[in-house]
2 protein chains.
Amino acid sequence: MSDVARLAGVSIKTVSRVVNDEPAVHPDTAERVMAAIEQLGFRRNLGARNLRRGSTTGTIGLIVEDVGNPFYSELNRAVERIATSFGRQVLTGSSEENSDRERELVLEFCARRVDGILVVPAGLQHGYLVPEMRAGTPVVFIDRPAGDIVADTVLVDNLGGTIEAVTHLAKHGHRRIAFLGDSPDIFTAAERLRGFREGCVRNGISYDESLVSMRTPTQEGIGDAVKRLLHGPDAATAVIAGNNRVAVHLLRALAHADYRPAMVGFDDFELADLLDPPVTVVAHDVSALGHAAAELLFARVQGDQSPPRKVVLPVHLVARGSGEVAP
Amino acid sequence: MSDVARLAGVSIKTVSRVVNDEPAVHPDTAERVMAAIEQLGFRRNLGARNLRRGSTTGTIGLIVEDVGNPFYSELNRAVERIATSFGRQVLTGSSEENSDRERELVLEFCARRVDGILVVPAGLQHGYLVPEMRAGTPVVFIDRPAGDIVADTVLVDNLGGTIEAVTHLAKHGHRRIAFLGDSPDIFTAAERLRGFREGCVRNGISYDESLVSMRTPTQEGIGDAVKRLLHGPDAATAVIAGNNRVAVHLLRALAHADYRPAMVGFDDFELADLLDPPVTVVAHDVSALGHAAAELLFARVQGDQSPPRKVVLPVHLVARGSGEVAP
DNA sequence: GTGCACTATGACAACGTTGTCTCCCCCCGG
DNA sequence: CCGGGGGGAGACAACGTTGTCATAGTGCAC
């Protein structure tokens, strides 16, 4: 900036005025300054600016489990859209379902003085966030609630969705339904399992633990589960996939199987409608999740001090075929 | 920081020494300082730190067309992985295939003094980058080359891949092959079209422009193209989808059609193997693309001054079924 | 001619850090 | 007993900006 000032023969304050479009600069002077800026390729340092102004940094942080997962990337996109409309940039990070990594990312973002943080929490303990939140960094939890603190949260109706899935299958005559979930440490997985139980109860199906698997989904793990649950005299006639990754692994496992049970997935996914049979899912609007969370965050950024909110977004069952077959 | 200093009864410089793990601090003093930090919830301001040190900001920028597109989100993930290994955070932005937006994002990132920029360019003119690059911000172009400047670039073998696709179809007896691309302004689309022509030539197929569509893919557009190209006496017996979005739209259009031509897609996608028939694709390693670009970027960040490099990653045809049917 | 309002500009401090330099104190060798 | 060396700590400036205040010049009314 001082280089520009020297070249234009003015003080750095005048340069500052020009780059900030402040009035009270003579047009001729402004033009000379602009020319100097152009010539030197000057670009003002936003870091210094934010430091001096004590204002917001114009960035927000988004932490998900894996930015490469289509579910989270759609979320990312929705968040970015809102952030852009508020003139903010988005810093992203993948926690890899690791609470230490999550914490590291959050604290790093805080040190960068992001204006707010959106997080799909991996851990169950968020006490470390209290000082940051007290210091004025708003945090909104997405898809899963905070572990041990009260904070803004946007969830989907995991319980209701799974109940609906069970009911749907029961309506088509299924009495032995398997549930393939994820690690029970993950809120959504635990919640959907709860929904599964509740769904069984409501439909007069005795809940059979041997038909449930709660493991981090891998192709082999799901393959084994399929072998175990879908064969033999007591085999399940239908199966619920607890999330989009489980669904993909399950579909792959079933593709080479001789026997195709009825299936309902939780989370919609691309091409689900083109498979054979098309996959019935409990769908929810991932974009809406991101939008709602980001809107809530920016409300906080702009000073909304109302008590923490908990938003639960609806889900709806999309019957495509895989869930509408008789046992 | 001065609050911490006051509380601990030391100077701010000593606090600085503690947070930076500098030696020459008495353990007792350090402990007092740590306690004060803990009590006040102090977190050092990285912006101020970077300003003072004149060092790197520890961030890089990544600009893609749409962070929500699985192709780019996989890229994003790969970039993030490398960035993390170099202790950097990633700022992401979607250009929406709009060169003005691309420029805006780049300049915004530069103003934030990112250590480097990775960009899947939307525009064809990148002169605006020259001052930034001269000022020391390395830029690596991904998937598409820079328009009018010389810069590091990482591409995939679009030409070779499409030639291979044509050859594959020709081998299975197809002589009338349609090509559904994307806007010809997009480098990869143009290049793949070039590969299509070359593939026709090499296989003794007369290139028929009426079998080519180069439009931004929409479900309707692809539907119309299917109706036009795959019906009538001169109908194509095979079709090449120019990228993953075209492929998805095409599959959806064909799902409800009475006639299924042979098909090969460019870009692999999840579940391609589970469709009926499984989709033959020209696959390439998106992660490798991100890795290579990020590695190259960090080499530049760390001072590599060698001439700009152009890396072309190989592609390979994955025969799954949809491309191995006779006319 | 004097005072006043207004425009255009600059000097300086401050944002939160850290690098450099200086200072003080204590220990040890001669 | 004195001098040198090293450990521990603080004062101060500087990073690149911008907010505040001061200053100089101009035009206009009296």
# chains A, B, ... in the order shown; residues from 1 in each chain; ligands from 1

call {"tool": "residues_around", "arguments": {"residues": "segment 21-26 of chain C", "least_positions_apart": "3", "cutoff": "12 Å", "atoms": "only C-alpha atoms (C1' of nucleotides)", "output": "JSON list (two decimals) with N, CA and C atoms (P, O5', C5', C4', C3', O3' and C1' of nucleotides), in the first residue's frame"}}
result
[["chain", "number", "residue", "atom", "x", "y", "z"],
["D", 5, "DG", "P", 32.11, -14.26, 28.18],
["D", 5, "DG", "O5'", 30.99, -15.32, 28.53],
["D", 5, "DG", "C5'", 31.30, -16.42, 29.42],
["D", 5, "DG", "C4'", 29.98, -17.05, 29.84],
["D", 5, "DG", "C3'", 28.91, -17.01, 28.74],
["D", 5, "DG", "O3'", 28.24, -18.26, 28.70],
["D", 5, "DG", "C1'", 28.07, -16.01, 30.70],
["D", 6, "DG", "P", 27.36, -18.67, 27.41],
["D", 6, "DG", "O5'", 26.05, -19.25, 28.07],
["D", 6, "DG", "C5'", 26.10, -19.87, 29.38],
["D", 6, "DG", "C4'", 24.78, -19.61, 30.08],
["D", 6, "DG", "C3'", 23.57, -19.58, 29.12],
["D", 6, "DG", "O3'", 22.50, -20.27, 29.72],
["D", 6, "DG", "C1'", 23.60, -17.64, 30.42],
["D", 7, "DG", "P", 21.28, -20.84, 28.84],
["D", 7, "DG", "O5'", 20.08, -20.81, 29.88],
["D", 7, "DG", "C5'", 20.34, -21.05, 31.27],
["D", 7, "DG", "C4'", 19.39, -20.19, 32.08],
["D", 7, "DG", "C3'", 17.96, -20.17, 31.55],
["D", 7, "DG", "O3'", 17.06, -20.27, 32.65],
["D", 7, "DG", "C1'", 18.78, -17.97, 31.69],
["D", 8, "DG", "P", 15.54, -20.61, 32.40],
["D", 8, "DG", "O5'", 14.86, -19.18, 32.56],
["D", 8, "DG", "C5'", 14.79, -18.58, 33.86],
["D", 8, "DG", "C4'", 14.34, -17.17, 33.69],
["D", 8, "DG", "C3'", 12.99, -17.00, 33.01],
["D", 8, "DG", "O3'", 12.10, -16.43, 33.95],
["D", 8, "DG", "C1'", 14.59, -15.42, 32.22],
["D", 9, "DA", "P", 10.52, -16.23, 33.51],
["D", 9, "DA", "O5'", 10.51, -14.75, 32.96],
["D", 9, "DA", "C5'", 10.72, -13.67, 33.89],
["D", 9, "DA", "C4'", 10.91, -12.39, 33.13],
["D", 9, "DA", "C3'", 9.73, -11.97, 32.26],
["D", 9, "DA", "O3'", 9.09, -10.85, 32.89],
["D", 9, "DA", "C1'", 11.83, -11.56, 31.20],
["D", 10, "DG", "P", 7.69, -10.29, 32.28],
["D", 10, "DG", "O5'", 8.19, -8.93, 31.62],
["D", 10, "DG", "C5'", 8.89, -7.99, 32.42],
["D", 10, "DG", "C4'", 9.47, -6.90, 31.55],
["D", 10, "DG", "C3'", 8.45, -6.19, 30.66],
["D", 10, "DG", "O3'", 8.70, -4.79, 30.70],
["D", 10, "DG", "C1'", 10.22, -7.00, 29.33],
["D", 11, "DA", "P", 7.53, -3.79, 30.24],
["D", 11, "DA", "O5'", 8.36, -2.75, 29.33],
["D", 11, "DA", "C5'", 9.77, -2.62, 29.46],
["D", 11, "DA", "C4'", 10.33, -1.83, 28.27],
["D", 11, "DA", "C3'", 9.31, -0.99, 27.51],
["D", 11, "DA", "O3'", 9.96, 0.18, 27.02],
["D", 11, "DA", "C1'", 10.16, -2.71, 26.09],
["D", 12, "DC", "P", 9.08, 1.26, 26.21],
["D", 12, "DC", "O5'", 9.33, 0.82, 24.70],
["D", 12, "DC", "C5'", 10.67, 0.52, 24.28],
["D", 12, "DC", "C4'", 10.67, 0.12, 22.82],
["D", 12, "DC", "C3'", 9.58, 0.81, 21.98],
["D", 12, "DC", "O3'", 10.20, 1.33, 20.82],
["D", 12, "DC", "C1'", 9.51, -1.52, 21.66],
["D", 13, "DA", "P", 9.32, 2.26, 19.83],
["D", 13, "DA", "O5'", 9.46, 1.47, 18.45],
["D", 13, "DA", "C5'", 10.74, 0.93, 18.11],
["D", 13, "DA", "C4'", 10.56, -0.14, 17.05],
["D", 13, "DA", "C3'", 9.69, 0.29, 15.86],
["D", 13, "DA", "O3'", 10.29, -0.19, 14.68],
["D", 13, "DA", "C1'", 8.78, -1.66, 16.85]]

call {"tool": "select_by_dssp", "arguments": {"residues": "segment 91-170 of chain A", "states": "strand (DSSP E)", "output": "PyMOL selection string"}}
result
chain A and resi 91-94+117-119+139-142+152-156

call {"tool": "residues_around", "arguments": {"residues": "His231 of chain A", "least_positions_apart": "6", "cutoff": "10 Å", "atoms": "only C-alpha atoms (C1' of nucleotides)", "output": "ChimeraX atom specification"}}
result
/A:225,237,259

call {"tool": "interface_residues", "arguments": {"of": "chain C", "to": "chain A", "cutoff": "7 Å", "atoms": "only C-alpha atoms (C1' of nucleotides)", "output": "PyMOL selection string"}}
result
chain C and resi 7-8+10+15

call {"tool": "write_last_selection", "arguments": {"atoms": "N, CA and C atoms (P, O5', C5', C4', C3', O3' and C1' of nucleotides)", "output": "PDB file, in the first residue's frame"}}
result
ATOM      1  P    DT C   7     -18.178  19.248   1.308  1.00  0.00           P
ATOM      2  O5'  DT C   7     -16.821  19.187   0.508  1.00  0.00           O
ATOM      3  C5'  DT C   7     -16.527  20.156  -0.498  1.00  0.00           C
ATOM      4  C4'  DT C   7     -15.065  20.038  -0.848  1.00  0.00           C
ATOM      5  C3'  DT C   7     -14.594  18.596  -1.049  1.00  0.00           C
ATOM      6  O3'  DT C   7     -13.842  18.535  -2.248  1.00  0.00           O
ATOM      7  C1'  DT C   7     -13.212  19.697   0.533  1.00  0.00           C
ATOM      8  P    DA C   8     -13.435  17.111  -2.889  1.00  0.00           P
ATOM      9  O5'  DA C   8     -11.926  16.967  -2.397  1.00  0.00           O
ATOM     10  C5'  DA C   8     -10.972  17.921  -2.836  1.00  0.00           C
ATOM     11  C4'  DA C   8      -9.696  17.714  -2.054  1.00  0.00           C
ATOM     12  C3'  DA C   8      -9.163  16.269  -2.059  1.00  0.00           C
ATOM     13  O3'  DA C   8      -7.875  16.285  -2.651  1.00  0.00           O
ATOM     14  C1'  DA C   8      -9.100  17.186   0.121  1.00  0.00           C
ATOM     15  P    DG C  10      -1.800  13.001   0.651  1.00  0.00           P
ATOM     16  O5'  DG C  10      -1.402  13.250   2.181  1.00  0.00           O
ATOM     17  C5'  DG C  10      -0.883  14.513   2.564  1.00  0.00           C
ATOM     18  C4'  DG C  10      -0.714  14.565   4.072  1.00  0.00           C
ATOM     19  C3'  DG C  10       0.023  13.356   4.672  1.00  0.00           C
ATOM     20  O3'  DG C  10       0.948  13.821   5.639  1.00  0.00           O
ATOM     21  C1'  DG C  10      -2.058  13.624   5.757  1.00  0.00           C
ATOM     22  P    DC C  15      -5.724  -1.353  20.517  1.00  0.00           P
ATOM     23  O5'  DC C  15      -6.213  -2.507  19.542  1.00  0.00           O
ATOM     24  C5'  DC C  15      -7.385  -2.424  18.748  1.00  0.00           C
ATOM     25  C4'  DC C  15      -7.259  -3.412  17.620  1.00  0.00           C
ATOM     26  C3'  DC C  15      -6.529  -4.685  18.029  1.00  0.00           C
ATOM     27  O3'  DC C  15      -7.493  -5.685  18.370  1.00  0.00           O
ATOM     28  C1'  DC C  15      -5.786  -3.863  15.889  1.00  0.00           C
TER      29       DC C  15
END

call {"tool": "closest_residue", "arguments": {"among": "A:Asn76, A:Ser85, A:Thr167, A:Gln302", "to": "Ile205 of chain A", "atoms": "only C-alpha atoms"}}
result
A:Thr167
